[in-house]
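*Asks:* Hey, dropping upload-v3.csv in here, CSV, C-alpha atoms (C1' of nucleotides):
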```csv
chain,number,residue,atom,x,y,z
A,1,MET,CA,-12.2,12.5,22.8
A,2,LYS,CA,-9.0,13.8,21.4
A,3,ASP,CA,-7.0,13.3,24.5
A,4,LEU,CA,-6.7,9.8,25.9
A,5,GLY,CA,-3.7,10.9,27.9
A,6,PRO,CA,0.0,11.2,27.5
A,7,GLU,CA,0.1,7.7,26.1
A,8,MET,CA,-1.2,9.1,22.9
A,9,GLU,CA,2.2,10.4,22.0
A,10,ILE,CA,3.5,6.8,21.8
A,11,VAL,CA,0.5,5.7,19.8
A,12,HIS,CA,1.2,8.4,17.3
A,13,LEU,CA,4.8,7.5,17.3
A,14,LEU,CA,4.0,3.9,16.5
A,15,ARG,CA,1.8,5.1,13.6
A,16,ALA,CA,4.6,7.4,12.4
A,17,ALA,CA,7.1,4.6,12.6
A,18,THR,CA,4.7,2.3,10.7
A,19,VAL,CA,4.3,4.9,8.0
A,20,GLU,CA,8.0,5.4,7.7
A,21,LEU,CA,8.7,1.7,7.4
A,22,GLY,CA,6.1,1.5,4.7
A,23,LEU,CA,7.8,4.4,2.8
A,24,HIS,CA,11.1,2.6,3.2
A,25,SER,CA,9.8,-0.5,1.6
A,26,ALA,CA,8.2,1.6,-1.1
A,27,ARG,CA,11.6,3.2,-1.8
A,28,PHE,CA,13.1,-0.3,-2.2
A,29,ALA,CA,10.3,-1.3,-4.5
A,30,HIS,CA,10.6,1.8,-6.7
A,31,ASP,CA,14.4,1.7,-6.9
A,32,ASN,CA,14.2,-1.9,-8.2
A,33,GLY,CA,11.3,-1.5,-10.5
A,34,MET,CA,8.8,-3.2,-8.3
A,35,HIS,CA,5.5,-2.6,-6.6
A,36,ALA,CA,4.5,-3.0,-2.9
A,37,THR,CA,3.0,-6.4,-3.7
A,38,ASP,CA,6.2,-7.7,-5.2
A,39,VAL,CA,8.2,-6.7,-2.2
A,40,ARG,CA,5.7,-8.4,0.1
A,41,ALA,CA,6.0,-11.5,-2.0
A,42,LEU,CA,9.8,-11.4,-1.8
A,43,ILE,CA,9.6,-11.1,2.0
A,44,CYS,CA,7.3,-14.1,2.1
A,45,LEU,CA,9.7,-16.1,0.0
A,46,MET,CA,12.7,-15.1,2.2
A,47,ASP,CA,10.7,-16.0,5.3
A,48,ALA,CA,9.9,-19.4,3.8
A,49,ARG,CA,13.5,-19.9,2.9
A,50,ARG,CA,14.7,-19.0,6.4
A,51,ASP,CA,12.6,-21.7,8.0
A,52,GLY,CA,13.1,-24.2,5.3
A,53,THR,CA,9.5,-24.3,4.1
A,54,GLU,CA,8.6,-24.8,0.5
A,55,MET,CA,6.5,-22.0,-1.0
A,56,THR,CA,4.0,-22.8,-3.7
A,57,ALA,CA,2.4,-20.3,-6.0
A,58,GLY,CA,-0.9,-20.9,-4.4
A,59,ARG,CA,0.3,-20.5,-0.8
A,60,LEU,CA,2.1,-17.3,-1.8
A,61,GLY,CA,-1.1,-15.9,-3.3
A,62,GLY,CA,-3.0,-16.8,-0.2
A,63,LEU,CA,-0.5,-14.9,2.0
A,64,LEU,CA,-0.7,-11.9,-0.3
A,65,GLY,CA,-4.5,-12.0,-0.5
A,66,LEU,CA,-4.4,-12.4,-4.3
A,67,ASN,CA,-6.4,-14.6,-6.6
A,68,SER,CA,-4.7,-17.1,-8.9
A,69,ALA,CA,-4.5,-14.7,-11.8
A,70,GLY,CA,-2.8,-12.0,-9.6
A,71,THR,CA,-0.5,-14.6,-8.2
A,72,THR,CA,0.7,-15.7,-11.6
A,73,ALA,CA,1.3,-12.1,-12.5
A,74,VAL,CA,3.4,-11.5,-9.3
A,75,VAL,CA,5.5,-14.5,-9.9
A,76,ASP,CA,5.9,-13.5,-13.6
A,77,ARG,CA,7.2,-10.1,-12.6
A,78,LEU,CA,9.6,-11.5,-10.0
A,79,GLU,CA,10.9,-14.1,-12.5
A,80,ARG,CA,11.3,-11.4,-15.2
A,81,LEU,CA,13.3,-9.3,-12.8
A,82,GLY,CA,15.4,-12.3,-11.9
A,83,HIS,CA,14.4,-12.2,-8.3
A,84,ALA,CA,12.7,-15.6,-8.2
A,85,ARG,CA,12.2,-18.7,-10.3
A,86,ARG,CA,9.5,-21.3,-10.8
A,87,VAL,CA,10.4,-24.9,-10.0
A,88,ARG,CA,7.9,-27.7,-10.7
A,89,ASP,CA,7.4,-29.8,-7.6
A,90,GLY,CA,8.7,-33.4,-8.3
A,91,ARG,CA,6.3,-35.1,-6.0
A,92,ASP,CA,3.1,-33.3,-7.1
A,93,ARG,CA,3.7,-32.0,-10.6
A,94,ARG,CA,0.6,-29.8,-10.5
A,95,ARG,CA,2.4,-27.5,-8.0
A,96,VAL,CA,4.9,-24.8,-8.8
A,97,LEU,CA,7.4,-24.0,-6.1
A,98,VAL,CA,8.6,-20.4,-6.1
A,99,GLU,CA,12.2,-20.0,-4.9
A,100,VAL,CA,13.9,-16.7,-4.3
A,101,GLU,CA,17.1,-16.0,-6.1
A,102,LYS,CA,20.3,-15.4,-4.2
A,103,ARG,CA,20.6,-12.1,-6.0
A,104,ALA,CA,17.3,-10.9,-4.5
A,105,VAL,CA,18.3,-12.0,-1.0
A,106,GLU,CA,21.5,-10.0,-1.3
A,107,LEU,CA,19.6,-7.0,-2.6
A,108,GLY,CA,17.2,-7.2,0.3
A,109,GLN,CA,20.0,-7.5,2.8
A,110,ALA,CA,21.8,-4.6,1.3
A,111,PHE,CA,18.7,-2.4,1.6
A,112,PHE,CA,17.2,-3.6,4.8
A,113,GLY,CA,20.3,-4.7,6.6
A,114,PRO,CA,21.3,-1.2,7.8
A,115,LEU,CA,17.8,-0.7,9.2
A,116,ILE,CA,17.8,-4.0,10.9
A,117,GLY,CA,21.3,-3.5,12.2
A,118,ARG,CA,20.4,-0.1,13.6
A,119,SER,CA,17.3,-1.6,15.3
A,120,VAL,CA,19.4,-4.4,16.9
A,121,GLU,CA,22.0,-1.8,18.0
A,122,LEU,CA,19.2,0.2,19.6
A,123,LEU,CA,17.8,-2.8,21.4
A,124,ARG,CA,21.2,-3.7,22.8
A,125,GLY,CA,21.1,-0.5,24.8
A,126,TYR,CA,18.2,-1.7,26.9
A,127,ASP,CA,18.1,-4.1,29.9
A,128,GLU,CA,15.9,-7.1,30.2
A,129,ARG,CA,13.0,-5.3,31.8
A,130,GLU,CA,13.0,-2.6,29.1
A,131,LEU,CA,13.2,-5.2,26.4
A,132,ALA,CA,10.2,-7.0,27.9
A,133,ALA,CA,8.2,-3.8,27.8
A,134,ILE,CA,9.0,-3.3,24.1
A,135,ARG,CA,8.2,-6.9,23.4
A,136,GLY,CA,5.0,-6.7,25.4
A,137,PHE,CA,3.7,-3.6,23.8
A,138,LEU,CA,4.4,-4.7,20.2
A,139,THR,CA,2.8,-8.1,20.9
A,140,GLY,CA,-0.2,-6.4,22.4
A,141,VAL,CA,-0.6,-4.0,19.5
A,142,ARG,CA,-0.2,-6.9,17.0
A,143,GLU,CA,-2.9,-8.9,18.7
A,144,ALA,CA,-5.2,-5.9,19.0
A,145,ALA,CA,-4.8,-5.1,15.3
A,146,SER,CA,-5.3,-8.7,14.3
A,147,GLY,CA,-8.6,-8.6,16.0
A,148,ALA,CA,-7.5,-11.1,18.6
A,149,ALA,CA,-9.4,-11.0,21.9
A,150,SER,CA,-8.3,-8.1,24.1
A,151,GLY,CA,-6.9,-10.6,26.6
A,152,ALA,CA,-4.9,-8.5,29.1
A,153,GLU,CA,-3.2,-11.6,30.6
A,154,PRO,CA,0.3,-12.2,29.4
A,155,ASP,CA,0.6,-15.4,27.5
A,156,GLY,CA,2.5,-18.1,29.4
B,1,MET,CA,24.5,-13.2,8.9
B,2,LYS,CA,21.2,-14.7,9.7
B,3,ASP,CA,21.6,-14.4,13.4
B,4,LEU,CA,22.2,-10.9,14.8
B,5,GLY,CA,21.3,-12.1,18.2
B,6,PRO,CA,18.2,-12.5,20.4
B,7,GLU,CA,17.2,-8.9,19.5
B,8,MET,CA,16.1,-10.2,16.1
B,9,GLU,CA,13.0,-11.6,17.8
B,10,ILE,CA,11.8,-8.0,18.5
B,11,VAL,CA,12.7,-6.8,15.1
B,12,HIS,CA,10.5,-9.5,13.6
B,13,LEU,CA,7.8,-8.7,16.1
B,14,LEU,CA,7.9,-5.0,14.9
B,15,ARG,CA,7.6,-6.2,11.4
B,16,ALA,CA,4.7,-8.5,12.3
B,17,ALA,CA,3.0,-5.6,14.1
B,18,THR,CA,3.5,-3.3,11.1
B,19,VAL,CA,2.0,-5.9,8.8
B,20,GLU,CA,-0.9,-6.5,11.1
B,21,LEU,CA,-1.6,-2.8,11.4
B,22,GLY,CA,-1.5,-2.6,7.6
B,23,LEU,CA,-4.0,-5.4,7.3
B,24,HIS,CA,-6.2,-3.7,9.8
B,25,SER,CA,-6.3,-0.6,7.7
B,26,ALA,CA,-7.0,-2.7,4.6
B,27,ARG,CA,-10.0,-4.3,6.3
B,28,PHE,CA,-11.3,-0.8,7.2
B,29,ALA,CA,-10.8,0.2,3.5
B,30,HIS,CA,-12.5,-2.8,2.1
B,31,ASP,CA,-15.4,-2.7,4.5
B,32,ASN,CA,-16.2,0.8,3.4
B,33,GLY,CA,-15.6,0.4,-0.3
B,34,MET,CA,-12.2,2.2,-0.3
B,35,HIS,CA,-8.6,1.6,-1.2
B,36,ALA,CA,-5.4,2.0,0.8
B,37,THR,CA,-4.8,5.4,-0.7
B,38,ASP,CA,-8.3,6.6,0.3
B,39,VAL,CA,-7.7,5.6,3.9
B,40,ARG,CA,-4.3,7.3,4.0
B,41,ALA,CA,-6.0,10.4,2.6
B,42,LEU,CA,-8.7,10.4,5.3
B,43,ILE,CA,-6.0,10.1,7.9
B,44,CYS,CA,-4.2,13.1,6.5
B,45,LEU,CA,-7.5,15.0,6.5
B,46,MET,CA,-8.2,14.1,10.1
B,47,ASP,CA,-4.6,15.0,11.2
B,48,ALA,CA,-5.1,18.4,9.5
B,49,ARG,CA,-8.4,18.9,11.2
B,50,ARG,CA,-6.9,17.9,14.6
B,51,ASP,CA,-4.3,20.6,14.4
B,52,GLY,CA,-6.5,23.1,12.7
B,53,THR,CA,-4.6,23.2,9.4
B,54,GLU,CA,-6.4,23.7,6.1
B,55,MET,CA,-5.8,20.9,3.6
B,56,THR,CA,-5.8,21.8,0.0
B,57,ALA,CA,-6.1,19.3,-2.8
B,58,GLY,CA,-2.5,19.9,-3.9
B,59,ARG,CA,-1.1,19.5,-0.4
B,60,LEU,CA,-3.0,16.3,0.1
B,61,GLY,CA,-1.7,14.9,-3.2
B,62,GLY,CA,1.9,15.8,-2.1
B,63,LEU,CA,1.5,14.0,1.2
B,64,LEU,CA,0.1,10.9,-0.6
B,65,GLY,CA,2.8,11.0,-3.4
B,66,LEU,CA,0.2,11.4,-6.1
B,67,ASN,CA,0.2,13.6,-9.1
B,68,SER,CA,-2.6,16.1,-9.7
B,69,ALA,CA,-4.8,13.7,-11.7
B,70,GLY,CA,-4.5,11.0,-9.1
B,71,THR,CA,-5.3,13.5,-6.4
B,72,THR,CA,-8.4,14.6,-8.2
B,73,ALA,CA,-9.5,11.0,-8.4
B,74,VAL,CA,-8.9,10.4,-4.6
B,75,VAL,CA,-11.0,13.4,-3.7
B,76,ASP,CA,-13.7,12.4,-6.2
B,77,ARG,CA,-13.9,9.0,-4.5
B,78,LEU,CA,-14.0,10.4,-1.0
B,79,GLU,CA,-16.6,12.9,-2.0
B,80,ARG,CA,-18.7,10.3,-3.8
B,81,LEU,CA,-18.7,8.2,-0.6
B,82,GLY,CA,-19.6,11.2,1.5
B,83,HIS,CA,-16.4,11.1,3.5
B,84,ALA,CA,-15.1,14.5,2.4
B,85,ARG,CA,-16.2,17.6,0.6
B,86,ARG,CA,-14.6,20.2,-1.6
B,87,VAL,CA,-14.8,23.8,-0.5
B,88,ARG,CA,-13.4,26.6,-2.6
B,89,ASP,CA,-11.0,28.7,-0.7
B,90,GLY,CA,-12.5,32.2,-0.3
B,91,ARG,CA,-9.1,34.0,-0.2
B,92,ASP,CA,-7.6,32.2,-3.2
B,93,ARG,CA,-10.3,30.9,-5.4
B,94,ARG,CA,-7.9,28.7,-7.4
B,95,ARG,CA,-7.5,26.5,-4.3
B,96,VAL,CA,-9.8,23.7,-3.3
B,97,LEU,CA,-9.9,22.9,0.4
B,98,VAL,CA,-10.8,19.4,1.2
B,99,GLU,CA,-12.6,18.9,4.5
B,100,VAL,CA,-13.4,15.6,6.1
B,101,GLU,CA,-17.1,14.9,6.9
B,102,LYS,CA,-18.2,14.3,10.4
B,103,ARG,CA,-19.5,10.9,9.3
B,104,ALA,CA,-16.0,9.8,8.2
B,105,VAL,CA,-14.5,10.9,11.5
B,106,GLU,CA,-17.0,8.9,13.4
B,107,LEU,CA,-16.5,5.9,11.2
B,108,GLY,CA,-12.8,6.1,11.7
B,109,GLN,CA,-13.1,6.4,15.5
B,110,ALA,CA,-15.5,3.5,15.6
B,111,PHE,CA,-13.0,1.3,13.7
B,112,PHE,CA,-9.7,2.5,15.1
B,113,GLY,CA,-10.9,3.6,18.5
B,114,PRO,CA,-10.7,0.1,20.1
B,115,LEU,CA,-7.2,-0.4,18.7
B,116,ILE,CA,-6.1,2.9,20.1
B,117,GLY,CA,-7.9,2.4,23.4
B,118,ARG,CA,-6.2,-1.0,23.8
B,119,SER,CA,-2.8,0.5,23.0
B,120,VAL,CA,-3.3,3.2,25.6
B,121,GLU,CA,-4.4,0.6,28.1
B,122,LEU,CA,-1.3,-1.4,27.5
B,123,LEU,CA,0.9,1.6,27.9
B,124,ARG,CA,-0.7,2.5,31.2
B,125,GLY,CA,0.7,-0.8,32.5
B,126,TYR,CA,4.3,0.4,32.2
B,127,ASP,CA,6.3,2.7,34.4
B,128,GLU,CA,8.2,5.7,33.2
B,129,ARG,CA,11.4,3.9,32.4
B,130,GLU,CA,9.6,1.3,30.4
B,131,LEU,CA,7.7,3.9,28.5
B,132,ALA,CA,10.9,5.7,27.8
B,133,ALA,CA,12.3,2.5,26.3
B,134,ILE,CA,9.3,2.0,24.0
B,135,ARG,CA,9.4,5.7,23.0
B,136,GLY,CA,13.1,5.5,22.3
B,137,PHE,CA,13.0,2.3,20.3
B,138,LEU,CA,10.1,3.6,18.1
B,139,THR,CA,11.8,6.9,17.6
B,140,GLY,CA,15.0,5.3,16.6
B,141,VAL,CA,13.4,2.9,14.2
B,142,ARG,CA,11.4,5.7,12.6
B,143,GLU,CA,14.6,7.7,12.2
B,144,ALA,CA,16.5,4.8,10.7
B,145,ALA,CA,13.7,4.0,8.3
B,146,SER,CA,13.4,7.6,7.2
B,147,GLY,CA,17.0,7.5,6.1
B,148,ALA,CA,18.2,9.7,8.8
B,149,ALA,CA,21.9,9.3,9.4
B,150,SER,CA,22.7,5.9,10.8
B,151,GLY,CA,25.1,7.6,13.1
B,152,ALA,CA,25.2,5.8,16.4
B,153,GLU,CA,26.7,8.9,17.8
B,154,PRO,CA,24.1,11.3,19.2
B,155,ASP,CA,24.1,14.4,17.0
B,156,GLY,CA,25.6,17.1,19.1
C,1,DC,C1',-7.8,48.3,-16.1
C,2,DT,C1',-5.4,45.0,-19.4
C,3,DC,C1',-1.7,41.8,-20.5
C,4,DT,C1',1.3,38.1,-19.1
C,5,DA,C1',3.4,34.8,-16.0
C,6,DT,C1',2.4,31.8,-12.4
C,7,DT,C1',-0.2,28.6,-9.6
C,8,DA,C1',-4.1,25.2,-8.5
C,9,DT,C1',-7.1,22.1,-10.1
C,10,DC,C1',-9.4,19.3,-13.5
C,11,DT,C1',-10.0,16.4,-18.0
C,12,DC,C1',-8.4,13.1,-21.3
C,13,DG,C1',-6.1,9.0,-22.9
C,14,DC,C1',-3.1,5.4,-21.4
C,15,DT,C1',-0.6,1.7,-18.6
C,16,DG,C1',-0.6,-1.9,-15.7
C,17,DA,C1',-2.2,-4.5,-11.1
C,18,DA,C1',-5.7,-7.3,-9.8
C,19,DC,C1',-10.2,-9.5,-10.6
C,20,DG,C1',-13.7,-13.3,-12.3
C,21,DA,C1',-14.4,-17.0,-15.2
C,22,DG,C1',-12.8,-20.7,-17.3
C,23,DA,C1',-9.0,-23.5,-19.7
C,24,DT,C1',-5.2,-26.7,-18.9
C,25,DA,C1',-2.3,-30.0,-16.4
C,26,DC,C1',-1.7,-33.1,-13.0
C,27,DT,C1',-3.1,-36.5,-9.0
C,28,DC,C1',-5.7,-39.8,-6.7
C,29,DA,C1',-9.5,-43.2,-5.8
C,30,DC,C1',-11.9,-46.6,-7.9
D,1,DG,C1',-8.7,-45.3,-17.7
D,2,DT,C1',-12.6,-42.6,-16.2
D,3,DG,C1',-14.1,-39.1,-13.1
D,4,DA,C1',-13.6,-36.0,-9.2
D,5,DG,C1',-10.6,-32.9,-7.2
D,6,DT,C1',-6.6,-29.7,-7.0
D,7,DA,C1',-2.9,-26.3,-8.8
D,8,DT,C1',-1.8,-23.1,-12.0
D,9,DC,C1',-2.2,-20.4,-16.0
D,10,DT,C1',-4.9,-17.6,-19.8
D,11,DC,C1',-8.3,-14.3,-21.3
D,12,DG,C1',-10.9,-10.2,-21.0
D,13,DT,C1',-12.4,-6.5,-17.9
D,14,DT,C1',-12.1,-3.0,-14.2
D,15,DC,C1',-10.1,0.8,-12.0
D,16,DA,C1',-6.0,3.4,-9.6
D,17,DG,C1',-2.5,6.3,-11.0
D,18,DC,C1',0.5,8.7,-14.6
D,19,DG,C1',1.7,12.3,-18.2
D,20,DA,C1',0.2,16.0,-20.9
D,21,DG,C1',-2.4,19.6,-21.5
D,22,DA,C1',-6.9,22.4,-20.7
D,23,DT,C1',-9.2,25.6,-17.6
D,24,DA,C1',-9.6,29.0,-14.0
D,25,DA,C1',-7.9,32.2,-10.7
D,26,DT,C1',-4.1,35.3,-8.7
D,27,DA,C1',-0.2,38.6,-8.8
D,28,DG,C1',2.7,41.9,-10.9
D,29,DA,C1',4.0,45.3,-14.7
D,30,DG,C1',2.6,48.8,-17.5
```
Step by step, read the file and then write its structure as structure tokens.

*Replies:*
Amino acid sequence: MKDLGPEMEIVHLLRAATVELGLHSARFAHDNGMHATDVRALICLMDARRDGTEMTAGRLGGLLGLNSAGTTAVVDRLERLGHARRVRDGRDRRRVLVEVEKRAVELGQAFFGPLIGRSVELLRGYDERELAAIRGFLTGVREAASGAASGAEPDG
Amino acid sequence: MKDLGPEMEIVHLLRAATVELGLHSARFAHDNGMHATDVRALICLMDARRDGTEMTAGRLGGLLGLNSAGTTAVVDRLERLGHARRVRDGRDRRRVLVEVEKRAVELGQAFFGPLIGRSVELLRGYDERELAAIRGFLTGVREAASGAASGAEPDG
DNA sequence: CTCTATTATCTCGCTGAACGAGATACTCAC
DNA sequence: GTGAGTATCTCGTTCAGCGAGATAATAGAG
């Protein structure tokens, strides 16, 4: 049962890389007086900003798997640290939009930029077929982990 | 600054896969009345078992980044759930060896087995050059995340 | 063998993230 | 403007993890 073949080396490598990426985030969190949840929240906020979506408190909580009380607390912490701000939605004044501060974006880029840059640099060293393999493997793992059907056929 | 090129798609894919793997672990934890730390502890215990190393309470705490009080609490929880047991070391009776219970190993295999199996299955679809690319990328990312020198130059 | 320094683990009291329940503020349909 | 519905916040509680210090065992000096 231990040995599913030489492929296991790569499976362990993926796990090791995942752990290391988690520790990297934890370091960023710790260095800036935050917790894992706060970093995940910041990432959600930046993702939303990137594709021009509005992020409400409720939606953020849903993404993070928190209840409303926990969501309020996260936003409180980010606001206290100056990483985000609450803005009442003009159209529906029950809603609170959460916007990431420029300062936090810069902080994140300073910390994660080198890692991203290095990854891109690595990827530039591969040809199209190799890139397709990496893409395919990561996509497959993501689907398998998300519980998606084990459909072996490549999606269109 | 936003667009480092088409390689960014894969960087985001890696992040998505990492998030999904984390959620998968969280689901396992939740389903079995555990927390993220407990699962990480179990993984450490299984890794130790796999390569025949003894795991002491102290070493486990070190791996998890916990202090002694927190470590005691983790082992207490695992023991209460029947996933691990304390065994006094015969040679140095100050030390407590923590051993994973067979039940927990089986539980883990039942939950993570399909994911691992699917990953291996995916990998079997690639030839040696593609596998080398996947290996190389994951290795590089892990090194970059662990803070290893960002040197593009291969260390002689 | 006894005394002391060191090491490994556990106990106690505390802080703070996240929860459940319910209060508050706003919108929409009538 | 009254009532149903929705979004967020407040209050009190639970529990993981921390710091400090207690307890127990080993190792070395005499």

*Asks:* Using only C-alpha atoms (C1' of nucleotides) for the distances, tell me which of C:DA17, C:DA5, C:DA23, C:DC28 is nearest to chain A.

*Replies:*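 The answer is C:DA17, which sits nearest to chain A.
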
*Asks:* Within 10 Å of Ala29 of chain B, counting only C-alpha atoms (C1' of nucleotides), which residues show up once you throw out same-chain ones fewer than 5 positions away? Write them as a list in words, please.

*Replies:*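 My reading of the contact set: Leu23, His24, Met34, His35, Ala36, Thr37, Asp38, Val39 and Arg40 of chain B.
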
*Asks:* Output C-alpha atoms of each residue in that selection to a file, as a short mmCIF file (atom, residue, chain, number, x, y, z; two decimals), keeping the file's coordinate frame.

*Replies:*
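Printed below is again25.cif as written:
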```cif
data_model
loop_
_atom_site.label_atom_id
_atom_site.label_comp_id
_atom_site.auth_asym_id
_atom_site.auth_seq_id
_atom_site.Cartn_x
_atom_site.Cartn_y
_atom_site.Cartn_z
CA LEU B 23 -4.00 -5.40 7.30
CA HIS B 24 -6.20 -3.70 9.80
CA MET B 34 -12.20 2.20 -0.30
CA HIS B 35 -8.60 1.60 -1.20
CA ALA B 36 -5.40 2.00 0.80
CA THR B 37 -4.80 5.40 -0.70
CA ASP B 38 -8.30 6.60 0.30
CA VAL B 39 -7.70 5.60 3.90
CA ARG B 40 -4.30 7.30 4.00
#
```

*Asks:* So that each row is one residue of chain C with an atom at most 9 Å from chain B, can you give its shortest atom pair and the distance in Å to one decimal, using only C-alpha atoms (C1' of nucleotides), rows by chain and rising number, as a tab-separated table?

*Replies:*
```
residue	atom	partner	partner_atom	distance
C:DT7	C1'	B:Arg94	CA	8.0
C:DA8	C1'	B:Arg94	CA	5.3
C:DT9	C1'	B:Arg94	CA	7.2
C:DC10	C1'	B:Thr72	CA	7.2
C:DT11	C1'	B:Ala69	CA	8.6
```

*Asks:* Kindly determine which residues of chain D lie within 10 Å of chain A, considering all atoms listed in the file, and give the answer as a PyMOL selection string.

*Replies:* chain D and resi 6-10

*Asks:* Based on the selection just made, write C-alpha atoms (C1' of nucleotides) of those residues as a short mmCIF file (atom, residue, chain, number, x, y, z; two decimals), in the coordinates of the input.

*Replies:*
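Here's the written file again.cif:
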```
data_model
loop_
_atom_site.label_atom_id
_atom_site.label_comp_id
_atom_site.auth_asym_id
_atom_site.auth_seq_id
_atom_site.Cartn_x
_atom_site.Cartn_y
_atom_site.Cartn_z
"C1'" DT D 6 -6.60 -29.70 -7.00
"C1'" DA D 7 -2.90 -26.30 -8.80
"C1'" DT D 8 -1.80 -23.10 -12.00
"C1'" DC D 9 -2.20 -20.40 -16.00
"C1'" DT D 10 -4.90 -17.60 -19.80
#
```

*Asks:* For chain B fitted to chain A over all Cα atoms in order, what RMSD does a least-squares superposition give?

*Replies:*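 Here the C-alpha RMSD works out to 1.1 Å.
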
*Asks:* Report as a count of residues only the set of chain A residues whose atoms approach chain B to within 8 Å, with distances computed over only C-alpha atoms.

*Replies:* 41

*Asks:* By how many Å are atom CA of Val98 of chain B and atom C1' of DG13 of chain C apart?

*Replies:* 26.7 Å

*Asks:* What does the distance between atom C1' of DA25 of chain D and atom CA of Arg91 of chain B come to in Å, to one decimal place?

*Replies:*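 Separation between atom C1' of DA25 of chain D and atom CA of Arg91 of chain B: 10.7 Å.
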
*Asks:* Which polymer residues have any atom within 12 Å of an atom of DC3 of chain C, counting all atoms listed in the file, with same-chain residues fewer than 2 positions away left out, as number ranges by chain?

*Replies:* C: 1, 5; D: 28-30

*Asks:* How many Å separate atom CA of Leu97 of chain B from atom C1' of DA22 of chain D?

*Replies:*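 Straight-line distance from atom CA of Leu97 of chain B to atom C1' of DA22 of chain D works out to 21.3 Å.
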